[in-house]
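*Asks:* My structure is in run11.pdb, and what it holds is PDB, C-alpha atoms:
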```pdb
ATOM      1  CA  MET A   1     -30.670  87.218-194.627
ATOM      2  CA  GLU A   2     -31.300  90.448-192.729
ATOM      3  CA  LYS A   3     -34.112  92.349-194.394
ATOM      4  CA  ILE A   4     -33.814  96.114-194.798
ATOM      5  CA  GLN A   5     -36.768  97.741-193.097
ATOM      6  CA  PRO A   6     -38.755 100.536-194.743
ATOM      7  CA  ARG A   7     -38.245 104.019-193.369
ATOM      8  CA  SER A   8     -39.857 104.313-189.946
ATOM      9  CA  LEU A   9     -43.217 106.044-189.781
ATOM     10  CA  TYR A  10     -42.105 108.473-187.085
ATOM     11  CA  LEU A  11     -39.381 109.836-189.379
ATOM     12  CA  GLU A  12     -41.974 110.539-192.057
ATOM     13  CA  VAL A  13     -44.100 112.312-189.455
ATOM     14  CA  ALA A  14     -41.049 114.300-188.330
ATOM     15  CA  ASP A  15     -40.535 115.436-191.921
ATOM     16  CA  ARG A  16     -44.154 116.615-192.151
ATOM     17  CA  VAL A  17     -44.060 118.547-188.878
ATOM     18  CA  ARG A  18     -40.660 120.029-189.758
ATOM     19  CA  ASP A  19     -42.128 121.304-193.023
ATOM     20  CA  LEU A  20     -45.032 122.922-191.147
ATOM     21  CA  ILE A  21     -42.560 124.723-188.887
ATOM     22  CA  GLU A  22     -40.301 125.877-191.707
ATOM     23  CA  GLN A  23     -43.244 127.055-193.800
ATOM     24  CA  GLY A  24     -44.698 129.031-190.906
ATOM     25  CA  SER A  25     -47.853 126.926-190.557
ATOM     26  CA  LEU A  26     -46.706 126.210-187.005
ATOM     27  CA  LEU A  27     -45.476 129.471-185.499
ATOM     28  CA  PRO A  28     -42.684 130.098-182.950
ATOM     29  CA  GLY A  29     -44.097 129.595-179.459
ATOM     30  CA  GLU A  30     -47.183 127.732-180.721
ATOM     31  CA  LYS A  31     -48.220 124.667-178.750
ATOM     32  CA  ILE A  32     -48.235 121.430-180.750
ATOM     33  CA  ALA A  33     -51.836 120.210-181.066
ATOM     34  CA  GLU A  34     -51.131 116.484-181.006
ATOM     35  CA  LYS A  35     -54.717 115.317-181.587
ATOM     36  CA  ALA A  36     -55.143 117.596-184.605
ATOM     37  CA  LEU A  37     -51.837 116.481-186.150
ATOM     38  CA  CYS A  38     -52.655 112.802-185.583
ATOM     39  CA  GLU A  39     -55.937 113.286-187.414
ATOM     40  CA  ARG A  40     -54.239 115.298-190.165
ATOM     41  CA  PHE A  41     -51.566 112.666-190.835
ATOM     42  CA  GLY A  42     -53.698 109.617-190.051
ATOM     43  CA  VAL A  43     -51.353 108.296-187.364
ATOM     44  CA  SER A  44     -51.534 107.410-183.670
ATOM     45  CA  ARG A  45     -49.893 109.454-180.936
ATOM     46  CA  THR A  46     -46.934 107.056-180.661
ATOM     47  CA  PRO A  47     -45.200 107.920-183.975
ATOM     48  CA  LEU A  48     -46.101 111.594-183.498
ATOM     49  CA  ARG A  49     -44.444 111.708-180.098
ATOM     50  CA  GLU A  50     -41.386 109.898-181.431
ATOM     51  CA  ALA A  51     -41.286 112.468-184.226
ATOM     52  CA  LEU A  52     -41.436 115.294-181.694
ATOM     53  CA  LYS A  53     -38.431 113.771-179.898
ATOM     54  CA  VAL A  54     -36.491 113.983-183.188
ATOM     55  CA  LEU A  55     -37.495 117.616-183.667
ATOM     56  CA  THR A  56     -36.579 118.386-180.057
ATOM     57  CA  SER A  57     -33.076 117.007-180.675
ATOM     58  CA  GLU A  58     -32.863 119.314-183.722
ATOM     59  CA  GLY A  59     -33.784 122.352-181.642
ATOM     60  CA  LEU A  60     -37.097 122.965-183.436
ATOM     61  CA  VAL A  61     -39.430 121.824-180.661
ATOM     62  CA  GLU A  62     -39.260 122.040-176.870
ATOM     63  CA  ASN A  63     -41.061 120.046-174.180
ATOM     64  CA  LEU A  64     -43.355 121.774-171.692
ATOM     65  CA  PRO A  65     -43.518 119.911-168.353
ATOM     66  CA  ASN A  66     -46.915 118.172-168.200
ATOM     67  CA  ARG A  67     -48.175 120.386-171.058
ATOM     68  CA  GLY A  68     -46.931 118.731-174.229
ATOM     69  CA  SER A  69     -44.625 120.459-176.703
ATOM     70  CA  ARG A  70     -44.338 123.751-178.561
ATOM     71  CA  VAL A  71     -42.366 125.223-181.430
ATOM     72  CA  VAL A  72     -39.167 126.829-180.188
ATOM     73  CA  ARG A  73     -39.123 130.613-180.216
ATOM     74  CA  LEU A  74     -36.129 132.103-181.986
ATOM     75  CA  THR A  75     -34.207 134.817-180.159
ATOM     76  CA  ARG A  76     -31.585 137.134-181.568
ATOM     77  CA  LEU A  77     -28.985 135.780-179.141
ATOM     78  CA  GLY A  78     -29.808 132.155-179.924
ATOM     79  CA  VAL A  79     -29.690 132.743-183.671
ATOM     80  CA  LYS A  80     -26.494 134.791-183.341
ATOM     81  CA  ASN A  81     -24.780 132.031-181.369
ATOM     82  CA  THR A  82     -25.866 129.468-183.957
ATOM     83  CA  TYR A  83     -24.741 131.687-186.831
ATOM     84  CA  ASP A  84     -21.352 132.259-185.170
ATOM     85  CA  VAL A  85     -20.654 128.530-185.235
ATOM     86  CA  MET A  86     -22.190 128.074-188.688
ATOM     87  CA  GLY A  87     -20.102 130.966-189.988
ATOM     88  CA  ALA A  88     -16.917 129.285-188.802
ATOM     89  CA  LEU A  89     -17.966 126.010-190.435
ATOM     90  CA  GLU A  90     -19.135 127.644-193.655
ATOM     91  CA  GLY A  91     -15.919 129.664-193.871
ATOM     92  CA  LEU A  92     -13.895 126.478-193.476
ATOM     93  CA  SER A  93     -16.063 124.749-196.086
ATOM     94  CA  GLY A  94     -15.218 127.522-198.554
ATOM     95  CA  GLU A  95     -11.497 127.155-197.913
ATOM     96  CA  LEU A  96     -11.638 123.383-198.340
ATOM     97  CA  ALA A  97     -13.945 123.587-201.356
ATOM     98  CA  CYS A  98     -11.441 125.672-203.294
ATOM     99  CA  GLN A  99      -8.834 122.969-202.688
ATOM    100  CA  ASN A 100     -11.078 120.128-203.870
ATOM    101  CA  ILE A 101     -13.629 121.523-206.300
ATOM    102  CA  SER A 102     -13.655 120.232-209.877
ATOM    103  CA  ASP A 103     -14.323 122.173-213.061
ATOM    104  CA  LYS A 104     -17.600 120.237-213.364
ATOM    105  CA  ASP A 105     -18.653 121.357-209.871
ATOM    106  CA  VAL A 106     -17.822 124.965-210.720
ATOM    107  CA  ALA A 107     -19.872 124.761-213.905
ATOM    108  CA  GLU A 108     -22.851 123.399-211.967
ATOM    109  CA  ILE A 109     -22.602 126.161-209.359
ATOM    110  CA  ARG A 110     -22.387 128.748-212.127
ATOM    111  CA  ALA A 111     -25.530 127.301-213.744
ATOM    112  CA  LEU A 112     -27.350 127.494-210.421
ATOM    113  CA  HIS A 113     -26.157 131.074-210.007
ATOM    114  CA  THR A 114     -27.625 131.973-213.399
ATOM    115  CA  ARG A 115     -30.969 130.470-212.386
ATOM    116  CA  MET A 116     -30.858 132.343-209.087
ATOM    117  CA  LEU A 117     -30.299 135.629-210.924
ATOM    118  CA  GLN A 118     -33.312 134.951-213.124
ATOM    119  CA  HIS A 119     -35.505 134.493-210.051
ATOM    120  CA  TYR A 120     -34.026 137.651-208.540
ATOM    121  CA  GLN A 121     -34.779 139.670-211.673
ATOM    122  CA  ARG A 122     -38.362 138.367-211.686
ATOM    123  CA  LYS A 123     -38.705 139.033-207.919
ATOM    124  CA  GLU A 124     -39.524 135.359-207.271
ATOM    125  CA  LEU A 125     -38.404 135.055-203.671
ATOM    126  CA  THR A 126     -39.315 131.443-202.875
ATOM    127  CA  PRO A 127     -37.588 129.822-205.897
ATOM    128  CA  TYR A 128     -34.706 132.276-205.401
ATOM    129  CA  PHE A 129     -34.207 130.934-201.873
ATOM    130  CA  GLU A 130     -34.416 127.336-203.112
ATOM    131  CA  VAL A 131     -31.626 127.813-205.666
ATOM    132  CA  ASN A 132     -29.646 129.943-203.218
ATOM    133  CA  GLN A 133     -29.712 127.058-200.761
ATOM    134  CA  GLN A 134     -28.570 124.617-203.453
ATOM    135  CA  ILE A 135     -25.517 126.806-204.148
ATOM    136  CA  HIS A 136     -24.500 126.782-200.492
ATOM    137  CA  GLU A 137     -25.060 123.025-200.359
ATOM    138  CA  ARG A 138     -22.824 122.479-203.425
ATOM    139  CA  ILE A 139     -20.025 124.514-201.838
ATOM    140  CA  LEU A 140     -20.433 122.581-198.609
ATOM    141  CA  ALA A 141     -20.334 119.246-200.461
ATOM    142  CA  ALA A 142     -17.178 120.321-202.300
ATOM    143  CA  SER A 143     -15.404 120.648-198.938
ATOM    144  CA  ASP A 144     -15.358 116.812-198.943
ATOM    145  CA  ASN A 145     -15.435 116.787-195.131
ATOM    146  CA  GLU A 146     -18.241 114.597-193.789
ATOM    147  CA  VAL A 147     -17.856 115.750-190.178
ATOM    148  CA  LEU A 148     -18.083 119.401-191.178
ATOM    149  CA  ILE A 149     -21.122 118.742-193.376
ATOM    150  CA  GLU A 150     -22.960 116.828-190.645
ATOM    151  CA  MET A 151     -22.309 119.490-188.005
ATOM    152  CA  TYR A 152     -23.303 122.300-190.344
ATOM    153  CA  ASN A 153     -26.518 120.606-191.470
ATOM    154  CA  ASN A 154     -27.580 119.936-187.881
ATOM    155  CA  LEU A 155     -27.153 123.603-186.979
ATOM    156  CA  SER A 156     -28.668 124.839-190.229
ATOM    157  CA  GLN A 157     -31.872 122.915-189.551
ATOM    158  CA  ARG A 158     -32.428 124.979-186.401
ATOM    159  CA  VAL A 159     -32.406 128.322-188.192
ATOM    160  CA  LYS A 160     -33.574 127.332-191.669
ATOM    161  CA  ARG A 161     -36.898 129.103-191.126
ATOM    162  CA  VAL A 162     -34.915 132.326-190.580
ATOM    163  CA  ARG A 163     -32.337 131.965-193.291
ATOM    164  CA  TYR A 164     -34.701 131.034-196.102
ATOM    165  CA  SER A 165     -37.979 132.719-195.149
ATOM    166  CA  VAL A 166     -37.127 136.374-194.531
ATOM    167  CA  GLU A 167     -38.923 138.940-196.682
ATOM    168  CA  MET A 168     -36.004 141.002-197.958
ATOM    169  CA  GLY A 169     -36.136 144.598-199.085
ATOM    170  CA  GLN A 170     -34.548 145.505-202.411
ATOM    171  CA  ALA A 171     -31.306 146.818-200.868
ATOM    172  CA  ASN A 172     -30.744 143.668-198.786
ATOM    173  CA  TRP A 173     -31.672 141.424-201.692
ATOM    174  CA  ALA A 174     -29.230 143.225-203.998
ATOM    175  CA  LYS A 175     -26.515 142.874-201.329
ATOM    176  CA  ALA A 176     -27.143 139.119-201.090
ATOM    177  CA  VAL A 177     -26.879 138.759-204.875
ATOM    178  CA  ALA A 178     -23.654 140.792-204.893
ATOM    179  CA  ASP A 179     -22.259 138.442-202.233
ATOM    180  CA  HIS A 180     -23.018 135.493-204.489
ATOM    181  CA  GLU A 181     -21.312 137.188-207.419
ATOM    182  CA  ALA A 182     -18.214 137.586-205.234
ATOM    183  CA  MET A 183     -18.447 133.931-204.151
ATOM    184  CA  LEU A 184     -18.436 132.824-207.768
ATOM    185  CA  GLU A 185     -15.378 134.950-208.528
ATOM    186  CA  ALA A 186     -13.538 133.442-205.552
ATOM    187  CA  ILE A 187     -14.468 129.917-206.642
ATOM    188  CA  ASP A 188     -13.274 130.590-210.194
ATOM    189  CA  ALA A 189      -9.967 131.831-208.786
ATOM    190  CA  ARG A 190      -9.803 128.893-206.310
ATOM    191  CA  ASP A 191      -9.232 131.557-203.631
ATOM    192  CA  GLY A 192     -10.222 129.664-200.495
ATOM    193  CA  LYS A 193      -9.417 132.437-198.028
ATOM    194  CA  ARG A 194     -11.507 134.971-199.917
ATOM    195  CA  LEU A 195     -14.406 132.561-200.326
ATOM    196  CA  GLY A 196     -14.319 131.716-196.623
ATOM    197  CA  ASP A 197     -14.353 135.410-195.671
ATOM    198  CA  ILE A 198     -17.280 136.112-198.022
ATOM    199  CA  LEU A 199     -19.310 133.182-196.672
ATOM    200  CA  ARG A 200     -18.787 134.270-193.068
ATOM    201  CA  ALA A 201     -19.780 137.875-193.825
ATOM    202  CA  HIS A 202     -22.745 136.720-195.897
ATOM    203  CA  LEU A 203     -24.156 134.751-192.974
ATOM    204  CA  SER A 204     -23.638 137.662-190.601
ATOM    205  CA  HIS A 205     -25.658 139.868-192.947
ATOM    206  CA  LYS A 206     -28.476 137.300-192.822
ATOM    207  CA  LEU A 207     -28.716 137.834-189.061
ATOM    208  CA  GLU A 208     -29.053 141.601-189.504
ATOM    209  CA  VAL A 209     -31.851 141.145-192.048
ATOM    210  CA  ALA A 210     -33.681 138.649-189.816
ATOM    211  CA  ALA A 211     -33.480 140.965-186.809
ATOM    212  CA  VAL A 212     -34.971 143.867-188.763
ATOM    213  CA  SER A 213     -37.711 141.671-190.237
ATOM    214  CA  GLY A 214     -39.083 140.804-186.795
ATOM    215  CA  ILE A 215     -38.899 137.052-187.397
ATOM    216  CA  ILE A 216     -36.753 136.605-184.272
ATOM    217  CA  ASP A 217     -37.367 137.926-180.757
ATOM    218  CA  GLU A 218     -35.135 140.664-179.405
ATOM    219  CA  ASP A 219     -36.145 140.164-175.768
ATOM    220  CA  VAL A 220     -34.466 136.951-174.657
ATOM    221  CA  ALA A 221     -36.174 136.956-171.263
ATOM    222  CA  THR A 222     -39.622 137.248-172.830
ATOM    223  CA  ALA A 223     -38.876 134.756-175.570
ATOM    224  CA  SER A 224     -37.734 132.083-173.151
ATOM    225  CA  GLY A 225     -40.721 132.452-170.859
ATOM    226  CA  SER A 226     -43.895 130.402-171.006
TER     227      SER A 226
END
```
Any chance you could give the structure as structure tokens?
*Replies:*
Amino acid sequence: MEKIQPRSLYLEVADRVRDLIEQGSLLPGEKIAEKALCERFGVSRTPLREALKVLTSEGLVENLPNRGSRVVRLTRLGVKNTYDVMGALEGLSGELACQNISDKDVAEIRALHTRMLQHYQRKELTPYFEVNQQIHERILAASDNEVLIEMYNNLSQRVKRVRYSVEMGQANWAKAVADHEAMLEAIDARDGKRLGDILRAHLSHKLEVAAVSGIIDEDVATASGS
């Protein structure tokens, strides 16, 4: 009998470091202090370095020749290029979702939307983002296309710290909520084309907000330098 092995240690370490990056504890451009992280997690350098290879493949970390690794800096161009592809995938997911989505799925998305509105009204940004993300994930899952979902999730991981960490002003926040209201209407009507268009525009608006917030670098030449 072939025994199923427990989840590898390096994947657990990758999860921990990924969380530090997404939460802003490790900043864009910051060098990875391997010794400090090994002590923090109680692991040797081997699983940490394997974890960093995983995060490098995800576009979160980059190797510095003979100098270890650092958190990837986000540039407007890099985020825009990623969002362009994600927008195409998310738009397609909306079109497919409206073909496949069940009444139960719609009811669950509507319940999430109600929770999201409650967080919006109470100005609770972090839980708002969490529920917001769940809504997008439910729409993506309803597309019932595993290839699309895998490609989208891989790209989303690279820019998650932008998409779900921006401090939004009231006008931008209200616009995002209005977009979600329109999404729900399109889902109710099973209007795939409209939902796809809304999702693409919604993601484009996220880029504008991120650029204004200063969370991404405008100067590509400076951002890519050492």
*Asks:* List the spatial neighbours of range 63-71 of chain A as JSON, numbers by chain - criterion: any atom at most 7 Å away, all atoms listed in the file, same-chain residues fewer than 6 positions off excluded.
*Replies:* {"A": [27, 28, 29, 30, 31, 32]}
*Asks:* With the PyMOL selection byres ((chain A and resi 89) around 10) as the selection, what would be picked from this file? Answer as an mmCIF file with C-alpha atoms, keeping the file's coordinate frame, please.
*Replies:*
```cif
data_model
loop_
_atom_site.group_PDB
_atom_site.id
_atom_site.type_symbol
_atom_site.label_atom_id
_atom_site.label_comp_id
_atom_site.auth_asym_id
_atom_site.auth_seq_id
_atom_site.Cartn_x
_atom_site.Cartn_y
_atom_site.Cartn_z
ATOM 1 C CA TYR A 83 -24.741 131.687 -186.831
ATOM 2 C CA ASP A 84 -21.352 132.259 -185.170
ATOM 3 C CA VAL A 85 -20.654 128.530 -185.235
ATOM 4 C CA MET A 86 -22.190 128.074 -188.688
ATOM 5 C CA GLY A 87 -20.102 130.966 -189.988
ATOM 6 C CA ALA A 88 -16.917 129.285 -188.802
ATOM 7 C CA GLU A 90 -19.135 127.644 -193.655
ATOM 8 C CA GLY A 91 -15.919 129.664 -193.871
ATOM 9 C CA LEU A 92 -13.895 126.478 -193.476
ATOM 10 C CA SER A 93 -16.063 124.749 -196.086
ATOM 11 C CA GLY A 94 -15.218 127.522 -198.554
ATOM 12 C CA GLU A 95 -11.497 127.155 -197.913
ATOM 13 C CA LEU A 140 -20.433 122.581 -198.609
ATOM 14 C CA LEU A 148 -18.083 119.401 -191.178
ATOM 15 C CA ILE A 149 -21.122 118.742 -193.376
ATOM 16 C CA MET A 151 -22.309 119.490 -188.005
ATOM 17 C CA TYR A 152 -23.303 122.300 -190.344
ATOM 18 C CA GLY A 196 -14.319 131.716 -196.623
ATOM 19 C CA LEU A 199 -19.310 133.182 -196.672
ATOM 20 C CA ARG A 200 -18.787 134.270 -193.068
#
```
*Asks:* Could you work out how far CA of Glu62 in chain A lies from CA of Leu203 in chain A, giving the answer in Å with one decimal?
*Replies:*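 Taking CA of Leu203 in chain A and CA of Glu62 in chain A, their separation equals 25.5 Å.
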*Asks:* Please determine, counting all atoms listed in the file, which residue among A:Arg18, A:His136, A:His119, A:Lys160 has the shortest atom-to-atom distance to Lys53 in chain A.
*Replies:* A:Arg18
*Asks:* What lies within 10 Å of Gln23 in chain A using all atoms listed in the file, ignoring chain neighbours under 3 positions off, as a VMD selection string?
*Replies:* chain A and resid 17 to 20 26 to 27 160 to 161 164 to 165
*Asks:* Find, counting only C-alpha atoms, the residue in A:Leu37, A:Tyr120, A:His205, A:Ala186 that gets nearest to Ala174 in chain A.
*Replies:*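 Looking only at the distances to Ala174 in chain A, the closest residue turns out to be A:Tyr120.
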*Asks:* Generate N, CA and C atoms for range 130-166 of chain A and emit them as a CSV table (one decimal), in the frame of the given file.
*Replies:*
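This went into rebuild.csv:
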```csv
chain,number,residue,atom,x,y,z
A,130,GLU,N,-34.7,128.8,-202.9
A,130,GLU,CA,-34.4,127.3,-203.1
A,130,GLU,C,-33.1,127.1,-203.9
A,131,VAL,N,-32.9,127.9,-204.9
A,131,VAL,CA,-31.6,127.8,-205.7
A,131,VAL,C,-30.4,128.3,-204.9
A,132,ASN,N,-30.7,129.4,-204.1
A,132,ASN,CA,-29.6,129.9,-203.2
A,132,ASN,C,-29.1,128.9,-202.3
A,133,GLN,N,-30.1,128.1,-201.7
A,133,GLN,CA,-29.7,127.1,-200.8
A,133,GLN,C,-28.9,126.0,-201.5
A,134,GLN,N,-29.3,125.6,-202.7
A,134,GLN,CA,-28.6,124.6,-203.5
A,134,GLN,C,-27.1,125.0,-203.7
A,135,ILE,N,-26.9,126.3,-203.9
A,135,ILE,CA,-25.5,126.8,-204.1
A,135,ILE,C,-24.7,126.6,-202.9
A,136,HIS,N,-25.2,127.0,-201.7
A,136,HIS,CA,-24.5,126.8,-200.5
A,136,HIS,C,-24.3,125.3,-200.2
A,137,GLU,N,-25.2,124.5,-200.6
A,137,GLU,CA,-25.1,123.0,-200.4
A,137,GLU,C,-24.0,122.5,-201.3
A,138,ARG,N,-23.9,123.0,-202.5
A,138,ARG,CA,-22.8,122.5,-203.4
A,138,ARG,C,-21.4,122.9,-202.9
A,139,ILE,N,-21.3,124.1,-202.4
A,139,ILE,CA,-20.0,124.5,-201.8
A,139,ILE,C,-19.7,123.6,-200.6
A,140,LEU,N,-20.6,123.4,-199.8
A,140,LEU,CA,-20.4,122.6,-198.6
A,140,LEU,C,-20.0,121.2,-199.0
A,141,ALA,N,-20.7,120.6,-200.0
A,141,ALA,CA,-20.3,119.2,-200.5
A,141,ALA,C,-18.9,119.2,-201.0
A,142,ALA,N,-18.5,120.3,-201.7
A,142,ALA,CA,-17.2,120.3,-202.3
A,142,ALA,C,-16.1,120.4,-201.3
A,143,SER,N,-16.4,120.7,-200.0
A,143,SER,CA,-15.4,120.6,-198.9
A,143,SER,C,-14.9,119.2,-198.7
A,144,ASP,N,-15.7,118.2,-199.1
A,144,ASP,CA,-15.4,116.8,-198.9
A,144,ASP,C,-15.0,116.5,-197.5
A,145,ASN,N,-15.7,117.1,-196.6
A,145,ASN,CA,-15.4,116.8,-195.1
A,145,ASN,C,-16.8,116.4,-194.5
A,146,GLU,N,-17.0,115.1,-194.3
A,146,GLU,CA,-18.2,114.6,-193.8
A,146,GLU,C,-18.6,115.1,-192.4
A,147,VAL,N,-17.6,115.3,-191.5
A,147,VAL,CA,-17.9,115.8,-190.2
A,147,VAL,C,-18.4,117.2,-190.2
A,148,LEU,N,-17.7,118.0,-191.0
A,148,LEU,CA,-18.1,119.4,-191.2
A,148,LEU,C,-19.5,119.5,-191.7
A,149,ILE,N,-19.8,118.7,-192.7
A,149,ILE,CA,-21.1,118.7,-193.4
A,149,ILE,C,-22.2,118.3,-192.4
A,150,GLU,N,-22.0,117.3,-191.6
A,150,GLU,CA,-23.0,116.8,-190.6
A,150,GLU,C,-23.2,117.9,-189.6
A,151,MET,N,-22.2,118.5,-189.0
A,151,MET,CA,-22.3,119.5,-188.0
A,151,MET,C,-23.0,120.7,-188.6
A,152,TYR,N,-22.7,121.1,-189.7
A,152,TYR,CA,-23.3,122.3,-190.3
A,152,TYR,C,-24.8,122.1,-190.6
A,153,ASN,N,-25.1,120.9,-191.2
A,153,ASN,CA,-26.5,120.6,-191.5
A,153,ASN,C,-27.4,120.5,-190.2
A,154,ASN,N,-26.8,120.0,-189.1
A,154,ASN,CA,-27.6,119.9,-187.9
A,154,ASN,C,-27.9,121.3,-187.4
A,155,LEU,N,-26.9,122.2,-187.4
A,155,LEU,CA,-27.2,123.6,-187.0
A,155,LEU,C,-28.1,124.4,-187.9
A,156,SER,N,-27.9,124.1,-189.2
A,156,SER,CA,-28.7,124.8,-190.2
A,156,SER,C,-30.1,124.5,-190.1
A,157,GLN,N,-30.5,123.3,-189.7
A,157,GLN,CA,-31.9,122.9,-189.6
A,157,GLN,C,-32.6,123.8,-188.5
A,158,ARG,N,-31.8,124.2,-187.5
A,158,ARG,CA,-32.4,125.0,-186.4
A,158,ARG,C,-32.9,126.4,-186.9
A,159,VAL,N,-32.1,126.9,-187.8
A,159,VAL,CA,-32.4,128.3,-188.2
A,159,VAL,C,-32.8,128.4,-189.7
A,160,LYS,N,-33.2,127.3,-190.3
A,160,LYS,CA,-33.6,127.3,-191.7
A,160,LYS,C,-34.8,128.2,-191.9
A,161,ARG,N,-35.7,128.3,-190.9
A,161,ARG,CA,-36.9,129.1,-191.1
A,161,ARG,C,-36.6,130.6,-191.1
A,162,VAL,N,-35.4,130.9,-190.5
A,162,VAL,CA,-34.9,132.3,-190.6
A,162,VAL,C,-34.2,132.6,-191.9
A,163,ARG,N,-33.2,131.7,-192.2
A,163,ARG,CA,-32.3,132.0,-193.3
A,163,ARG,C,-33.0,132.0,-194.6
A,164,TYR,N,-34.1,131.1,-194.8
A,164,TYR,CA,-34.7,131.0,-196.1
A,164,TYR,C,-36.2,131.4,-196.1
A,165,SER,N,-36.6,132.3,-195.2
A,165,SER,CA,-38.0,132.7,-195.1
A,165,SER,C,-38.1,134.2,-194.9
A,166,VAL,N,-37.1,134.9,-194.8
A,166,VAL,CA,-37.1,136.4,-194.5
A,166,VAL,C,-37.6,137.1,-195.8
```
